[in-house]
Amino acid sequence: MDVQSDESIASAVKQVLVWTDHLDVLINNAAIFPNPELGPLDTSRDSLQQAFDVNVAGPLRVSQAFTPLLEKSKDGRIINVSSGLGALAEMKEGWTAYSISKTALNAVTRQLSGVLGPRGISVNSVCPGWCRTELGGANAPRSAEEGAKGIVWLATEAPHSLQGSFVRDQQLIAW
C-alpha cells in the first residue's frame, strides 16, 4: 500500500474486506529517512514535507481508513512504529526531518489513543531500536527480528490497558 495515496489506502481496505469483516491489529510501519546527513540549519522544506507525508500523514490516514474494521474487533490495536530519534527526551541535533516526523507520529498516537481508547482500541508507539534493515543500514546493532519483538508483543501480549504509550523492549520510554 502506498500511504501517500488515499486511493491505495482505500484499495487496501477493500482487499482486507475480501478476507475478513474485522481487523485485530494495524501496524503502521511506513517510514522514509530523507537527507539524514542534514541538520536543523540545513534541512529543506521539501525534506520535511516528504517525511511528514509518509511518516505522519500516512499512518494517520491508514488508521482513519481501518478504524471501522478495528472497531469490529474484540481486541483492536494500532501500533505506530516510531523511533527513539523522535523522543524529545533523547533527541539531539541531526536526522532532522526523520526525528521531527517521528515526534509528530508520537503525537498522532496520543491523539488517536484519546479517541479510540474509549472505543476499545489500544493505540501505542513502539521504538524497535536501531535495526539492520534497508533504513537502518548494515552497521545497526539489532537484527530486524530483534526489533520486531516489541511490535509482536504489543500486537499479541501487551495488556489492552496499555494505551497511548511509547515503548521499547516492553518498557515505557519517555516521549
# chains A, B, ... in the order shown; residues from 1 in each chain; ligands from 1

call {"tool": "residues_around", "arguments": {"residues": "range 3-15 of chain A", "least_positions_apart": "6", "cutoff": "12 Å", "atoms": "only C-alpha atoms", "output": "PyMOL selection string"}}
result
chain A and resi 21-23+26+28-32+49-70

call {"tool": "closest_atom_pairs", "arguments": {"of": "range 31-95 of chain A", "to": "range 159-165 of chain A", "cutoff": "10 Å", "atoms": "only C-alpha atoms", "output": "Markdown table"}}
result
| residue | atom | partner | partner_atom | distance |
| --- | --- | --- | --- | --- |
| A:Asp75 | CA | A:His160 | CA | 7.4 |
| A:Gly76 | CA | A:His160 | CA | 8.7 |
| A:Arg77 | CA | A:His160 | CA | 8.2 |
| A:Ile78 | CA | A:Gln163 | CA | 9.9 |
| A:Ile79 | CA | A:Gly164 | CA | 9.9 |

call {"tool": "atom_distance", "arguments": {"atom1": "CA of Asp42 in chain A", "atom2": "CA of Gly94 in chain A"}}
result
9.9 Å

call {"tool": "select_by_dssp", "arguments": {"residues": "range 55-104 of chain A", "states": "helix (DSSP H, G or I)", "output": "VMD selection string"}}
result
chain A and resid 55 to 70 84 to 86 96 to 104

call {"tool": "atom_distance", "arguments": {"atom1": "CA of Arg168 in chain A", "atom2": "CA of Trp153 in chain A"}}
result
10.4 Å

call {"tool": "closest_residue", "arguments": {"among": "A:Leu88, A:Gln170, A:Asn106, A:Gly137", "to": "Glu157 in chain A", "atoms": "only C-alpha atoms"}}
result
A:Gln170

call {"tool": "select_by_dssp", "arguments": {"residues": "chain A", "states": "strand (DSSP E or B)", "output": "mmCIF file with C-alpha atoms, in the first residue's frame"}}
result
data_model
loop_
_atom_site.group_PDB
_atom_site.id
_atom_site.type_symbol
_atom_site.label_atom_id
_atom_site.label_comp_id
_atom_site.auth_asym_id
_atom_site.auth_seq_id
_atom_site.Cartn_x
_atom_site.Cartn_y
_atom_site.Cartn_z
ATOM 1 C CA VAL A 25 -4.086 -5.310 14.629
ATOM 2 C CA LEU A 26 -2.927 -2.462 12.408
ATOM 3 C CA ILE A 27 0.825 -1.858 12.301
ATOM 4 C CA ASN A 28 1.856 1.462 10.781
ATOM 5 C CA ARG A 77 -4.820 -2.465 18.375
ATOM 6 C CA ILE A 78 -2.925 0.167 16.411
ATOM 7 C CA ILE A 79 0.849 0.077 16.644
ATOM 8 C CA ASN A 80 2.779 3.027 15.269
ATOM 9 C CA VAL A 81 6.413 2.184 14.623
ATOM 10 C CA SER A 122 -5.468 0.441 22.101
ATOM 11 C CA VAL A 123 -3.044 2.740 20.307
ATOM 12 C CA ASN A 124 0.670 2.833 21.109
ATOM 13 C CA SER A 125 4.018 3.818 19.627
ATOM 14 C CA VAL A 126 6.994 1.487 19.638
ATOM 15 C CA CYS A 131 17.924 -2.395 13.288
ATOM 16 C CA ARG A 142 19.986 -5.169 16.190
ATOM 17 C CA PHE A 166 5.702 4.787 23.857
ATOM 18 C CA VAL A 167 7.603 1.552 24.449
ATOM 19 C CA ARG A 168 10.934 -0.072 23.650
ATOM 20 C CA GLN A 171 9.317 -0.877 28.727
ATOM 21 C CA LEU A 172 7.802 2.588 28.722
#

call {"tool": "closest_residue", "arguments": {"among": "A:Trp19, A:Met1, A:Ile173, A:Asp46", "to": "Glu90 in chain A", "atoms": "only C-alpha atoms"}}
result
A:Ile173

call {"tool": "closest_residue", "arguments": {"among": "A:Ala174, A:Leu135, A:Cys127, A:Val18", "to": "Phe33 in chain A", "atoms": "only C-alpha atoms"}}
result
A:Leu135

call {"tool": "closest_residue", "arguments": {"among": "A:Gly136, A:Thr20, A:Arg45, A:Trp175", "to": "Gly84 in chain A", "atoms": "only C-alpha atoms"}}
result
A:Trp175

call {"tool": "closest_residue", "arguments": {"among": "A:Thr103, A:Thr43, A:Gln111, A:Thr156", "to": "Leu85 in chain A", "atoms": "only C-alpha atoms"}}
result
A:Thr103

call {"tool": "atom_distance", "arguments": {"atom1": "CA of Leu38 in chain A", "atom2": "CA of Trp95 in chain A"}}
result
6.4 Å

call {"tool": "closest_residue", "arguments": {"among": "A:Ala87, A:Asp169, A:Pro36, A:Gly117", "to": "Leu154 in chain A", "atoms": "only C-alpha atoms"}}
result
A:Asp169
